[in-house]
Structure formats: structure tokens, C-alpha cells
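Visitor: Dropping in upload-v2.cif, with mmCIF, C-alpha atoms.
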data_protein
loop_
_atom_site.label_atom_id
_atom_site.label_comp_id
_atom_site.auth_asym_id
_atom_site.auth_seq_id
_atom_site.Cartn_x
_atom_site.Cartn_y
_atom_site.Cartn_z
CA MET A 231 94.24 -128.32 126.23
CA LYS A 232 93.69 -126.05 123.25
CA GLN A 233 90.65 -126.46 121.02
CA SER A 234 91.28 -127.65 117.48
CA ALA A 235 90.79 -125.60 114.34
CA VAL A 236 90.72 -126.95 110.82
CA VAL A 237 93.01 -125.03 108.45
CA LEU A 238 92.49 -125.45 104.71
CA LEU A 239 96.14 -125.65 103.68
CA SER A 240 96.91 -125.67 99.97
CA GLY A 241 100.63 -125.38 100.60
CA GLY A 242 100.74 -121.82 99.24
CA LEU A 243 101.84 -118.59 100.90
CA ASP A 244 98.43 -117.37 102.06
CA SER A 245 97.27 -120.61 103.63
CA CYS A 246 100.66 -121.15 105.29
CA VAL A 247 100.47 -117.76 107.00
CA THR A 248 96.84 -118.48 107.87
CA ALA A 249 98.01 -121.67 109.62
CA ALA A 250 100.61 -119.62 111.50
CA VAL A 251 97.83 -117.30 112.70
CA ALA A 252 95.51 -120.19 113.67
CA ARG A 253 98.32 -121.85 115.60
CA GLN A 254 98.45 -118.95 118.07
CA ASN A 255 95.10 -120.00 119.51
CA PHE A 256 94.36 -123.53 118.36
CA ASP A 257 95.74 -127.00 117.87
CA LEU A 258 96.09 -127.36 114.11
CA ALA A 259 94.02 -129.85 112.10
CA LEU A 260 95.38 -129.47 108.56
CA PHE A 261 93.27 -130.28 105.50
CA PHE A 262 94.50 -130.72 101.93
CA LEU A 263 92.40 -131.50 98.90
CA ASP A 264 93.95 -132.93 95.77
CA TYR A 265 91.49 -131.99 93.04
CA GLY A 266 93.60 -133.22 90.15
CA HIS A 267 95.03 -129.79 89.48
CA ARG A 268 98.28 -129.20 87.60
CA THR A 269 100.58 -128.82 90.57
CA ASN A 270 98.76 -131.20 92.93
CA LEU A 271 101.73 -133.40 93.82
CA ARG A 272 104.02 -130.45 94.48
CA GLU A 273 101.37 -128.81 96.68
CA ARG A 274 100.75 -132.03 98.54
CA ARG A 275 104.46 -132.14 99.35
CA ALA A 276 104.31 -128.53 100.59
CA PHE A 277 101.30 -129.46 102.73
CA HIS A 278 103.15 -132.30 104.44
CA ASP A 279 106.36 -130.25 104.76
CA ILE A 280 104.44 -127.50 106.58
CA ALA A 281 102.57 -130.06 108.71
CA ASP A 282 105.91 -131.67 109.62
CA HIS A 283 107.39 -128.26 110.45
CA TYR A 284 104.58 -127.64 112.92
CA GLY A 285 104.73 -131.18 114.30
CA VAL A 286 101.14 -131.93 113.37
CA PRO A 287 100.48 -135.64 114.02
CA PRO A 288 98.98 -137.91 111.31
CA GLY A 289 95.57 -137.93 113.04
CA HIS A 290 95.41 -134.16 112.70
CA ARG A 291 96.20 -133.97 109.02
CA LEU A 292 93.81 -135.05 106.32
CA ALA A 293 95.04 -135.15 102.75
CA THR A 294 92.30 -136.41 100.50
CA GLY A 295 91.11 -136.04 96.96
CA THR A 296 88.36 -135.84 94.43
CA ASP A 297 88.24 -136.09 90.69
CA ALA A 298 85.06 -134.02 90.55
CA LEU A 299 86.57 -130.59 89.79
CA ARG A 300 88.73 -132.03 87.02
CA GLN A 301 85.64 -133.64 85.50
CA VAL A 302 83.70 -130.40 85.95
CA GLY A 303 86.44 -128.57 84.04
CA GLY A 304 86.24 -124.97 82.93
CA SER A 305 89.60 -123.89 84.39
CA ALA A 306 93.20 -123.76 83.25
CA LEU A 307 94.19 -125.34 86.57
CA THR A 308 92.20 -128.52 86.00
CA ASP A 309 91.97 -128.78 82.20
CA ARG A 310 95.34 -129.52 80.57
CA ASN A 311 93.94 -128.22 77.26
CA ILE A 312 93.56 -124.68 78.63
CA PRO A 313 97.03 -123.13 79.02
CA VAL A 314 97.90 -121.11 82.13
CA PRO A 315 98.36 -117.55 80.82
CA ASP A 316 101.07 -115.11 81.88
CA ALA A 317 99.87 -112.57 84.42
CA ASP A 318 98.09 -109.52 82.98
CA ALA A 319 97.85 -106.57 85.35
CA ASP A 320 95.33 -104.77 83.11
CA ARG A 321 92.80 -107.58 83.24
CA ASN A 322 89.81 -106.99 85.49
CA ASP A 323 87.51 -109.89 84.67
CA VAL A 324 87.62 -113.30 86.33
CA PRO A 325 90.68 -115.08 84.86
CA VAL A 326 90.76 -118.53 83.25
CA THR A 327 92.62 -119.92 86.26
CA TYR A 328 89.41 -119.50 88.29
CA VAL A 329 88.21 -122.96 89.35
CA PRO A 330 84.41 -122.70 89.57
CA PHE A 331 83.27 -122.29 93.18
CA ARG A 332 86.37 -124.09 94.48
CA ASN A 333 86.44 -122.46 97.90
CA ALA A 334 82.89 -123.66 98.56
CA LEU A 335 84.16 -127.21 98.08
CA PHE A 336 87.12 -126.65 100.40
CA LEU A 337 84.95 -124.99 103.04
CA SER A 338 82.28 -127.70 102.81
CA LEU A 339 84.78 -130.47 103.42
CA GLY A 340 86.60 -128.47 106.08
CA VAL A 341 83.34 -127.93 107.95
CA SER A 342 82.44 -131.63 107.60
CA TRP A 343 85.76 -132.56 109.18
CA ALA A 344 85.45 -129.88 111.86
CA GLU A 345 81.99 -131.18 112.79
CA SER A 346 83.25 -134.76 112.90
CA ILE A 347 86.25 -134.04 115.16
CA GLY A 348 84.61 -131.31 117.24
CA ALA A 349 86.75 -128.43 115.96
CA SER A 350 85.31 -124.98 116.57
CA SER A 351 86.66 -123.13 113.56
CA VAL A 352 87.65 -123.50 109.93
CA TYR A 353 90.39 -121.22 108.62
CA LEU A 354 90.58 -120.23 104.95
CA GLY A 355 93.48 -118.24 103.49
CA ALA A 356 91.38 -116.30 100.98
CA VAL A 357 92.65 -112.86 99.89
CA GLU A 358 90.09 -110.45 98.46
CA GLU A 359 91.58 -107.23 97.10
CA ASP A 360 95.20 -108.05 96.34
CA SER A 361 94.57 -111.23 94.37
CA SER A 362 93.39 -112.68 91.09
CA GLY A 363 89.79 -111.51 91.49
CA TYR A 364 88.14 -114.85 92.17
CA PRO A 365 84.56 -114.38 93.40
CA ASP A 366 84.90 -117.15 95.98
CA CYS A 367 87.73 -115.27 97.73
CA THR A 368 85.54 -112.35 98.84
CA GLN A 369 84.41 -111.40 102.33
CA ALA A 370 80.81 -111.37 101.07
CA PHE A 371 81.08 -115.00 99.94
CA CYS A 372 82.74 -116.13 103.17
CA ASP A 373 80.12 -114.36 105.30
CA ALA A 374 77.25 -115.93 103.33
CA PHE A 375 78.90 -119.33 103.56
CA ALA A 376 79.27 -118.89 107.33
CA ARG A 377 75.48 -118.39 107.56
CA ALA A 378 74.98 -121.62 105.60
CA VAL A 379 77.25 -123.35 108.14
CA ASP A 380 75.19 -121.98 111.03
CA TYR A 381 72.01 -123.44 109.56
CA GLY A 382 73.41 -126.57 107.94
CA THR A 383 75.31 -128.19 110.83
CA ARG A 384 74.18 -129.65 114.17
CA PRO A 385 72.81 -126.93 116.46
CA GLU A 386 75.56 -127.63 119.02
CA SER A 387 78.44 -127.44 116.51
CA HIS A 388 78.87 -123.63 116.29
CA ILE A 389 81.62 -123.73 113.69
CA ARG A 390 83.08 -120.38 112.69
CA ILE A 391 84.68 -119.51 109.34
CA LEU A 392 87.83 -117.44 109.89
CA THR A 393 89.75 -115.61 107.15
CA PRO A 394 92.52 -113.69 108.91
CA VAL A 395 94.38 -112.53 105.77
CA ILE A 396 91.39 -111.70 103.56
CA HIS A 397 91.85 -107.90 103.67
CA LEU A 398 95.63 -107.85 103.79
CA LYS A 399 97.86 -106.84 100.91
CA LYS A 400 100.13 -109.65 99.78
CA HIS A 401 103.27 -107.94 101.15
CA GLN A 402 101.54 -107.64 104.52
CA ILE A 403 100.90 -111.38 104.42
CA VAL A 404 104.61 -111.97 103.79
CA ARG A 405 105.54 -109.69 106.70
CA LEU A 406 102.99 -111.35 109.00
CA GLY A 407 104.37 -114.74 108.03
CA VAL A 408 107.93 -113.68 108.84
CA GLU A 409 106.78 -112.15 112.13
CA LEU A 410 105.05 -115.39 113.12
CA GLY A 411 107.93 -117.58 111.95
CA ALA A 412 105.83 -119.25 109.26
CA PRO A 413 107.87 -121.70 107.13
CA LEU A 414 107.56 -119.70 103.91
CA HIS A 415 110.51 -121.62 102.43
CA LEU A 416 108.28 -124.72 102.35
CA THR A 417 105.39 -123.14 100.42
CA TRP A 418 104.54 -123.51 96.72
CA SER A 419 102.62 -120.93 94.68
CA CYS A 420 103.30 -121.53 90.96
CA TYR A 421 100.27 -122.55 88.88
CA ARG A 422 102.38 -124.03 86.08
CA ASN A 423 105.35 -125.98 87.33
CA SER A 424 106.20 -128.39 90.09
CA ASP A 425 110.00 -128.23 89.96
CA ARG A 426 110.99 -124.58 89.51
CA ALA A 427 108.40 -121.79 89.76
CA CYS A 428 107.73 -120.16 86.37
CA GLY A 429 107.82 -116.57 87.66
CA ARG A 430 105.29 -115.42 85.07
CA CYS A 431 101.84 -116.81 85.98
CA ASP A 432 99.41 -114.77 88.06
CA SER A 433 100.27 -116.59 91.23
CA CYS A 434 104.05 -116.23 90.77
CA ILE A 435 103.76 -112.52 89.89
CA LEU A 436 101.59 -111.80 92.94
CA ARG A 437 104.07 -113.66 95.13
CA LEU A 438 107.18 -112.01 93.66
CA LYS A 439 105.71 -108.53 94.05
CA ALA A 440 104.67 -109.33 97.61
CA PHE A 441 108.19 -110.30 98.69
CA GLU A 442 109.71 -107.39 96.77
CA THR A 443 107.36 -104.83 98.37
CA ALA A 444 107.93 -106.38 101.78
CA GLY A 445 111.67 -106.02 101.23
CA ILE A 446 112.22 -109.67 102.02
CA PRO A 447 113.93 -112.16 99.68
CA ASP A 448 111.62 -114.95 98.50
CA PRO A 449 113.14 -118.20 99.80
CA ILE A 450 111.76 -119.97 96.69
CA GLN A 451 113.63 -119.34 93.45
CA CYS A 452 111.99 -119.08 90.06
CA GLU A 453 112.90 -119.40 86.38
CA SER A 454 112.87 -115.78 85.31
CA MET B 224 66.51 -125.21 72.96
CA LYS B 225 65.88 -125.56 76.67
CA GLN B 226 68.37 -124.32 79.23
CA SER B 227 70.17 -126.94 81.29
CA ALA B 228 69.71 -127.54 84.99
CA VAL B 229 71.98 -129.63 87.18
CA VAL B 230 70.06 -132.13 89.32
CA LEU B 231 71.84 -133.71 92.28
CA LEU B 232 70.57 -137.26 91.85
CA SER B 233 71.37 -139.77 94.58
CA GLY B 234 69.14 -142.39 93.04
CA GLY B 235 66.62 -142.16 95.87
CA LEU B 236 62.92 -141.28 95.82
CA ASP B 237 63.20 -137.55 96.57
CA SER B 238 65.92 -136.76 94.06
CA CYS B 239 64.19 -138.85 91.37
CA VAL B 240 60.98 -136.86 91.76
CA THR B 241 63.05 -133.66 91.85
CA ALA B 242 64.53 -134.67 88.48
CA ALA B 243 61.00 -135.25 87.15
CA VAL B 244 60.07 -131.72 88.23
CA ALA B 245 63.24 -130.17 86.74
CA ARG B 246 62.61 -131.96 83.46
CA GLN B 247 59.43 -130.00 82.90
CA ASN B 248 61.44 -126.85 82.27
CA PHE B 249 65.02 -127.84 81.66
CA ASP B 250 67.37 -130.20 79.90
CA LEU B 251 68.68 -132.48 82.62
CA ALA B 252 72.33 -132.52 83.65
CA LEU B 253 72.49 -135.27 86.25
CA PHE B 254 75.15 -135.35 88.98
CA PHE B 255 76.05 -138.26 91.24
CA LEU B 256 78.67 -138.29 93.97
CA ASP B 257 80.07 -141.53 95.27
CA TYR B 258 81.36 -140.62 98.72
CA GLY B 259 82.27 -144.15 99.76
CA HIS B 260 78.98 -144.67 101.56
CA ARG B 261 77.53 -148.11 102.33
CA THR B 262 75.17 -148.36 99.39
CA ASN B 263 77.23 -146.38 96.89
CA LEU B 264 77.32 -148.99 94.13
CA ARG B 265 73.59 -149.68 94.34
CA GLU B 266 72.83 -145.95 94.23
CA ARG B 267 75.18 -145.43 91.33
CA ARG B 268 73.22 -148.10 89.43
CA ALA B 269 69.95 -146.31 90.30
CA PHE B 270 71.48 -143.04 89.07
CA HIS B 271 72.37 -144.52 85.68
CA ASP B 272 69.04 -146.38 85.42
CA ILE B 273 67.14 -143.12 85.95
CA ALA B 274 69.46 -141.27 83.56
CA ASP B 275 68.87 -144.00 80.94
CA HIS B 276 65.12 -143.80 81.53
CA TYR B 277 65.19 -140.09 80.74
CA GLY B 278 67.56 -140.54 77.80
CA VAL B 279 70.20 -138.29 79.32
CA PRO B 280 73.35 -138.50 77.15
CA PRO B 281 76.78 -139.27 78.67
CA GLY B 282 77.91 -135.64 78.35
CA HIS B 283 75.02 -134.59 80.57
CA ARG B 284 75.64 -137.03 83.36
CA LEU B 285 78.53 -136.73 85.77
CA ALA B 286 79.13 -139.56 88.20
CA THR B 287 82.19 -138.81 90.25
CA GLY B 288 83.60 -139.52 93.67
CA THR B 289 85.56 -138.48 96.68
CA ASP B 290 87.02 -140.34 99.59
CA ALA B 291 86.92 -137.21 101.76
CA LEU B 292 83.62 -137.83 103.60
CA ARG B 293 84.63 -141.39 104.43
CA GLN B 294 87.93 -140.10 105.83
CA VAL B 295 86.08 -137.35 107.70
CA GLY B 296 83.87 -140.02 109.28
CA GLY B 297 81.37 -139.38 112.05
CA SER B 298 78.41 -141.07 110.34
CA ALA B 299 76.93 -144.56 110.18
CA LEU B 300 76.67 -144.17 106.41
CA THR B 301 80.42 -143.73 105.89
CA ASP B 302 81.95 -145.52 108.90
CA ARG B 303 81.46 -149.30 108.76
CA ASN B 304 82.11 -149.45 112.53
CA ILE B 305 78.98 -147.43 113.33
CA PRO B 306 75.90 -149.61 112.70
CA VAL B 307 72.84 -148.18 110.93
CA PRO B 308 70.12 -148.18 113.62
CA ASP B 309 66.50 -149.17 113.13
CA ALA B 310 64.19 -146.17 112.73
CA ASP B 311 63.02 -144.56 115.97
CA ALA B 312 59.97 -142.32 115.61
CA ASP B 313 60.43 -140.88 119.12
CA ARG B 314 63.89 -139.54 118.41
CA ASN B 315 64.16 -135.82 117.86
CA ASP B 316 67.89 -135.19 117.79
CA VAL B 317 70.10 -135.44 114.72
CA PRO B 318 70.55 -139.20 114.03
CA VAL B 319 73.84 -141.05 113.58
CA THR B 320 73.13 -141.47 109.87
CA TYR B 321 73.69 -137.72 109.46
CA VAL B 322 76.75 -137.19 107.25
CA PRO B 323 78.30 -133.91 108.42
CA PHE B 324 77.38 -131.05 106.07
CA ARG B 325 76.93 -133.43 103.14
CA ASN B 326 74.49 -131.31 101.18
CA ALA B 327 76.97 -128.44 101.18
CA LEU B 328 79.41 -130.73 99.39
CA PHE B 329 76.77 -131.82 96.86
CA LEU B 330 75.64 -128.26 96.25
CA SER B 331 79.21 -126.97 95.94
CA LEU B 332 80.07 -129.50 93.26
CA GLY B 333 76.71 -129.08 91.54
CA VAL B 334 77.26 -125.33 91.34
CA SER B 335 80.82 -125.84 90.06
CA TRP B 336 79.47 -128.01 87.26
CA ALA B 337 76.59 -125.64 86.54
CA GLU B 338 79.01 -122.74 86.25
CA SER B 339 81.30 -124.73 83.96
CA ILE B 340 78.54 -125.84 81.55
CA GLY B 341 76.44 -122.67 81.77
CA ALA B 342 73.46 -124.24 83.57
CA SER B 343 71.15 -121.76 85.25
CA SER B 344 69.94 -123.84 88.18
CA VAL B 345 70.93 -126.58 90.59
CA TYR B 346 68.16 -128.82 91.91
CA LEU B 347 68.43 -130.52 95.31
CA GLY B 348 65.87 -133.04 96.56
CA ALA B 349 66.09 -132.02 100.22
CA VAL B 350 63.02 -132.63 102.42
CA GLU B 351 62.73 -130.56 105.59
CA GLU B 352 59.82 -131.54 107.84
CA ASP B 353 58.97 -135.10 106.87
CA SER B 354 62.50 -136.48 107.07
CA SER B 355 65.32 -137.58 109.36
CA GLY B 356 65.96 -134.10 110.76
CA TYR B 357 69.27 -133.39 109.07
CA PRO B 358 70.22 -129.70 109.46
CA ASP B 359 71.50 -129.50 105.88
CA CYS B 360 68.05 -130.39 104.52
CA THR B 361 66.38 -127.21 105.78
CA GLN B 362 65.05 -124.26 103.80
CA ALA B 363 67.14 -121.94 105.99
CA PHE B 364 70.32 -123.78 104.99
CA CYS B 365 69.44 -123.83 101.29
CA ASP B 366 68.58 -120.12 101.29
CA ALA B 367 71.86 -119.23 103.01
CA PHE B 368 73.78 -121.44 100.58
CA ALA B 369 72.04 -119.72 97.67
CA ARG B 370 73.39 -116.37 98.92
CA ALA B 371 76.88 -117.88 99.04
CA VAL B 372 76.39 -118.95 95.42
CA ASP B 373 75.35 -115.42 94.43
CA TYR B 374 78.54 -113.98 95.90
CA GLY B 375 80.94 -116.84 95.18
CA THR B 376 80.43 -117.40 91.44
CA ARG B 377 81.10 -115.23 88.37
CA PRO B 378 78.80 -112.18 88.32
CA GLU B 379 77.23 -113.35 85.04
CA SER B 380 76.49 -116.90 86.24
CA HIS B 381 73.25 -116.25 88.19
CA ILE B 382 72.84 -119.83 89.37
CA ARG B 383 69.71 -120.56 91.40
CA ILE B 384 69.30 -123.30 94.01
CA LEU B 385 65.90 -125.00 93.60
CA THR B 386 64.36 -127.41 96.11
CA PRO B 387 60.88 -128.25 94.78
CA VAL B 388 60.04 -131.00 97.30
CA ILE B 389 61.51 -129.42 100.45
CA HIS B 390 58.16 -128.65 102.10
CA LEU B 391 56.23 -131.67 100.83
CA LYS B 392 55.24 -134.64 102.95
CA LYS B 393 56.79 -137.87 101.72
CA HIS B 394 53.46 -139.25 100.49
CA GLN B 395 52.97 -136.06 98.48
CA ILE B 396 56.37 -136.67 96.90
CA VAL B 397 55.26 -140.18 95.92
CA ARG B 398 52.02 -138.82 94.41
CA LEU B 399 53.89 -136.07 92.56
CA GLY B 400 56.30 -138.66 91.20
CA VAL B 401 53.46 -140.86 89.94
CA GLU B 402 51.73 -137.82 88.42
CA LEU B 403 54.89 -136.85 86.55
CA GLY B 404 55.65 -140.42 85.48
CA ALA B 405 58.90 -140.53 87.48
CA PRO B 406 60.59 -143.97 87.33
CA LEU B 407 60.13 -144.76 91.03
CA HIS B 408 60.76 -148.45 90.31
CA LEU B 409 64.37 -147.57 89.52
CA THR B 410 65.09 -145.72 92.79
CA TRP B 411 66.97 -146.97 95.84
CA SER B 412 66.45 -145.70 99.40
CA CYS B 413 67.78 -148.28 101.88
CA TYR B 414 70.73 -147.17 104.01
CA ARG B 415 71.83 -150.71 104.84
CA ASN B 416 71.57 -153.06 101.91
CA SER B 417 72.25 -153.06 98.22
CA ASP B 418 70.34 -156.18 97.19
CA ARG B 419 67.02 -156.17 99.07
CA ALA B 420 65.92 -153.12 101.09
CA CYS B 421 65.99 -153.81 104.86
CA GLY B 422 62.61 -152.22 105.59
CA ARG B 423 63.71 -151.11 109.06
CA CYS B 424 66.21 -148.25 108.73
CA ASP B 425 65.08 -144.62 108.84
CA SER B 426 65.13 -144.27 105.10
CA CYS B 427 63.15 -147.47 104.45
CA ILE B 428 60.54 -146.61 107.10
CA LEU B 429 60.03 -143.11 105.70
CA ARG B 430 59.66 -144.56 102.21
CA LEU B 431 57.28 -147.38 103.24
CA LYS B 432 55.01 -144.98 105.14
CA ALA B 433 55.04 -142.59 102.21
CA PHE B 434 53.79 -145.19 99.73
CA GLU B 435 51.29 -146.55 102.25
CA THR B 436 49.83 -143.09 102.99
CA ALA B 437 49.73 -142.29 99.28
CA GLY B 438 47.82 -145.53 98.71
CA ILE B 439 50.29 -146.62 96.07
CA PRO B 440 52.23 -149.89 96.17
CA ASP B 441 56.00 -149.41 96.46
CA PRO B 442 57.50 -150.93 93.31
CA ILE B 443 60.60 -151.88 95.35
CA GLN B 444 60.22 -154.84 97.68
CA CYS B 445 61.88 -155.11 101.07
CA GLU B 446 62.87 -157.80 103.57
CA SER B 447 60.26 -157.26 106.26
#
Hey, can you dump this file as C-alpha cells for me?
Guide:
Amino acid sequence: MKQSAVVLLSGGLDSCVTAAVARQNFDLALFFLDYGHRTNLRERRAFHDIADHYGVPPGHRLATGTDALRQVGGSALTDRNIPVPDADADRNDVPVTYVPFRNALFLSLGVSWAESIGASSVYLGAVEEDSSGYPDCTQAFCDAFARAVDYGTRPESHIRILTPVIHLKKHQIVRLGVELGAPLHLTWSCYRNSDRACGRCDSCILRLKAFETAGIPDPIQCES
Amino acid sequence: MKQSAVVLLSGGLDSCVTAAVARQNFDLALFFLDYGHRTNLRERRAFHDIADHYGVPPGHRLATGTDALRQVGGSALTDRNIPVPDADADRNDVPVTYVPFRNALFLSLGVSWAESIGASSVYLGAVEEDSSGYPDCTQAFCDAFARAVDYGTRPESHIRILTPVIHLKKHQIVRLGVELGAPLHLTWSCYRNSDRACGRCDSCILRLKAFETAGIPDPIQCES
């Protein structure tokens, strides 16, 4: 019997391909966190669609929530009063869609679940270079967090943090997903909408470019 | 005007004294997380009582919740089917009251809030030696987590993790609290009950010994 690995699955492209990678060596334990963000219900549907696609049983999927990040605020994804801007390729600061220290929350809960069910690894679909420039998507952050996991969990737990797509370009992630048969048609990336992707926000633009560069049609259609 | 510091305040002895320490140098921003644990409502009351005592305005207190740790399970504090054992001084493994990687969750959310409101520090009332032996209460864990904060937040945020009572004995924490005028009569420590402390669980025994050794009567009464 394969060991289990927890995959933090937002329902987006990167985490879907990360799940496809994890699946090669592990039984999937899929984790979704609803943090009251704009597209939470659409992403939750993508999470369950992907889990269904991979035949992950109910006991190996955990979709849970917290209101804490919405109350914390400070991001266009959780505060309805801060509009989601169109993508701006010239920008090099941390954008307003950054949700403060969000990946630390995901990793913390993923590690808690891994420790509880005896999973050996937690997969995170962070992308460092070819992304929006969020500080909690960097290799340096993930490495430091992995040290905190070593010290902060039971000595016998030995939970690893794995980020298989962190240094890939987005079009490489698309190609890897296609190669592994990942259900990219079930993913959702748009920051703004839950019915038809806007095609203009940071996340849509990164996705559209990725498919275009990979020479593969995006199975999800968008407005523009 | 003083800078703000986020204090992770469970409503127990250690975090109350930690708040008293933080208050010497900072405006308090008090954070409480209801994670569906046994004594959540009683602790939430202690949190607000302490916040009221210090005159912390509503905008500087954040009491929020998540069901995730209860769903994750694996602890007597979140799973009603696992009884809270009486304290056992001879035990040297990690006890069943350990909530997997809980302090990482608290710290993650505390840092998110700190980054959102521009607070410079996050205080955690972890106690390493004179405690229940939870791995996420160690200096090594807190130091590693602090590195993750350095890398995982905006470059200009510079949020420090401060643990002023981590190397104190429990009776020293009681004395420090009395010295600083901390409202110890408003705190709650029992793992089991929400009306009258049981006096037999790990947390009660540690507290009772602490007051006894300090030569100070515990303002909270217990069953036995």
C-alpha cells in the first residue's frame, strides 16, 4: 500500500498539476481551505471535481474553512472593498492580491492533517519566479517553513514539504500537467469571477500566457 | 504613539502574562482563535475579560475561528471521543492533548494580522521546559518559524516573533504576572471543564503547582 501525502489543492492550475505529480508516488489526501475569498465557491467546486476525477474517497479529502483571513483583511481577494486590478507586467512590488502569509496558513493546516493521519509529505503548488511575486511562494520561505515543521511536530512524524513546480515556468507546468494527464479542464484560476474567467486579472493573464507559450489550448474559456 | 504588537491570547495563564509583558512596550492587538476545542467558549470569555481589563478597543481584538483542527482531529482537545487524561508526571512522550502543529496555525494567523495592520511583533506565550512537552512550544520551533516569517512576508514588514516566557518555570510566570499586575483571576487553564476547573488534567496540575511554588493563592478555584 502506498503512503499518503497531503496535497494543498486550491483548484487552480498549479495545485492540480502538483496533485498529478504527488499521485505518482502517493495516495492522495486532498486539502481545501475556504478562507472567504472572492471565488471560494467556484474553487471549492474545482477541488471536488478534481478529487472526483482522481477517485479520492471522502475520508481522504478535507474541505474546511476559516473566517480569519477575511477578518484580517489587507487583500483584494478577501476584502470586497479593494478591487482586483488588471494585470500589470511592469509592476515589481507585491501586488494587492497578496493575502498576508496565506501559504503559512495552508501549510500549517496541511501539516496538522498530515500528522494526524500519518502522511509523510505535504505538497504545495507554489511557483516562485513565473508568478505574481508573493513572498510566501518562494523556495526560501518553503525551506524555512520545512525547518519549523521538523522542530514543531512529533519527533517520529518526519513530514516533508514538497514543492515540485516551484521553479518551473507556467508553460512548463501546463506541459507537465498534460503529460501526466492532469484534469486541467476542471481547474479554476480567475481571481474575479466564478462563472466565466475575466481574462484580465493577474491570475488569468499568467494562465493564458502559459497555455499560449505551451502551444496548448486552454480548456477553460474566458471573457476577453 | 506606541507601535502595535499582536498577542496570541488563549485566555490562559501563560498568554495572559505574555500580554502583560507586551503591554510594557506596545499597544495590544489581541488575537483569539476558536478551533472547536473543548473549552472554547470559556476561553473566549477569558479572552474578552482580559481584553476588557486592559481597555483594548474592538478594532484591536480579533476573535475568530476555524473548524479545521477539529476536522483534522488526533487530539483529546478537539476529538470528544478521546478523553482528557489525568496528569502523569512520569510520562515523557508527547501527550494525547497535543493538537498537531497548533502553534504554527496561531502564529500564521497572528503574522497575517500583524502584516495587515502594520504591527511589528507577534507574541506567543509558549513555555518549553516546564510544560506538557509539546514540540511546537520549543525555542527551536519558534526560531525556525521566525525565519519563515522573514522570508514569507513583504520585505518591508519585518515582523518579529517574541516568546518572553518560553524559558521560565511556571511559578516564575505566576510571579511575573503578579509583578506586572496581570489579571490572573480572569484566566482559564482547565482542559476539561468550562465551569469549575477539574484540578487533575495536565494543565490544571501545572497551574496548581505553579501557584503553590510561587507561594501565591490561585484566584481560580478547582474541584479537587
Visitor: Applied to this file, what does the PyMOL selection byres ((chain A) within 6 of (chain B)) return in terms of residues, put as a ChimeraX atom specification?
Guide: /A:294,296,298,302,304,330-331,334-335,338,342-343,346,365-366,371,374-375,377-378,381-383
Visitor: Please, what distance in Å, to one decimal, runs between CA of Tyr414 in chain B and CA of Leu300 in chain B?
Guide: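 Going from CA of Tyr414 in chain B over to CA of Leu300 in chain B covers 7.1 Å.
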Visitor: Carefully work through the PyMOL selection byres ((chain A and resi 231-236) around 8) for this structure and note down the residues it includes, as an MDAnalysis selection string.
Guide: chainID A and resid 237:238 252 255:261 340:341 343:344 348:353
Visitor: Around the point (73.0, -143.3, 88.1) in the file's coordinates, collect all residues with an atom within 9 Å, using all atoms listed in the file, and return them as a list in words.
Guide: Leu232, Ser233, Gly234, Leu253, Phe254, Phe255, Arg265, Glu266, Arg267, Arg268, Ala269, Phe270, His271, Asp272, Ile273, Ala274, Asp275, Arg284, Leu285 and Ala286 of chain B
Visitor: Identify, on the basis of all atoms listed in the file, every residue whose closest approach to range 395-409 of chain A does not exceed 10 Å; exclude the query and any residue fewer than 2 positions from it along the same chain; express the result as JSON, numbers by chain.
Guide: {"A": [243, 244, 245, 246, 247, 248, 249, 250, 251, 353, 354, 355, 356, 357, 358, 359, 360, 361, 367, 368, 369, 372, 392, 393, 411, 412, 413, 414, 436, 437, 438, 439, 440, 441, 442, 443, 444, 445, 446, 448]}
Visitor: Kindly indicate which residue among A:Glu386, A:Glu453, A:Asp316, A:Asp309 lies nearest to Arg430 in chain A, using only C-alpha atoms for the distances.
Guide: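 Between A:Glu386, A:Glu453, A:Asp316, A:Asp309, the residue approaching Arg430 in chain A most closely is A:Asp316.
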Visitor: Would you mind completing range 358-373 of chain A to N, CA and C atoms and writing the output as a CSV table (one decimal), keeping the file's coordinate frame?
Guide:
chain,number,residue,atom,x,y,z
A,358,GLU,N,91.1,-111.1,99.3
A,358,GLU,CA,90.1,-110.4,98.5
A,358,GLU,C,90.7,-109.4,97.5
A,359,GLU,N,91.2,-108.3,98.0
A,359,GLU,CA,91.6,-107.2,97.1
A,359,GLU,C,92.8,-107.5,96.3
A,360,ASP,N,93.9,-107.9,97.0
A,360,ASP,CA,95.2,-108.0,96.3
A,360,ASP,C,95.4,-109.5,95.8
A,361,SER,N,94.6,-109.8,94.8
A,361,SER,CA,94.6,-111.2,94.4
A,361,SER,C,94.1,-111.3,92.9
A,362,SER,N,93.7,-112.5,92.5
A,362,SER,CA,93.4,-112.7,91.1
A,362,SER,C,91.9,-112.3,90.8
A,363,GLY,N,91.2,-111.9,91.8
A,363,GLY,CA,89.8,-111.5,91.5
A,363,GLY,C,88.8,-112.7,91.4
A,364,TYR,N,89.1,-113.7,92.1
A,364,TYR,CA,88.1,-114.8,92.2
A,364,TYR,C,86.9,-114.5,93.1
A,365,PRO,N,85.7,-114.7,92.6
A,365,PRO,CA,84.6,-114.4,93.4
A,365,PRO,C,84.4,-115.1,94.7
A,366,ASP,N,85.0,-116.4,94.7
A,366,ASP,CA,84.9,-117.2,96.0
A,366,ASP,C,86.0,-116.9,97.0
A,367,CYS,N,86.7,-115.7,96.8
A,367,CYS,CA,87.7,-115.3,97.7
A,367,CYS,C,87.3,-114.0,98.4
A,368,THR,N,86.0,-113.6,98.3
A,368,THR,CA,85.5,-112.4,98.8
A,368,THR,C,85.0,-112.5,100.2
A,369,GLN,N,85.0,-111.4,101.0
A,369,GLN,CA,84.4,-111.4,102.3
A,369,GLN,C,82.9,-111.7,102.2
A,370,ALA,N,82.3,-111.2,101.2
A,370,ALA,CA,80.8,-111.4,101.1
A,370,ALA,C,80.5,-112.9,100.9
A,371,PHE,N,81.3,-113.6,100.1
A,371,PHE,CA,81.1,-115.0,99.9
A,371,PHE,C,81.3,-115.7,101.3
A,372,CYS,N,82.4,-115.4,101.9
A,372,CYS,CA,82.7,-116.1,103.2
A,372,CYS,C,81.7,-115.9,104.2
A,373,ASP,N,81.2,-114.7,104.3
A,373,ASP,CA,80.1,-114.4,105.3
A,373,ASP,C,78.9,-115.2,105.0
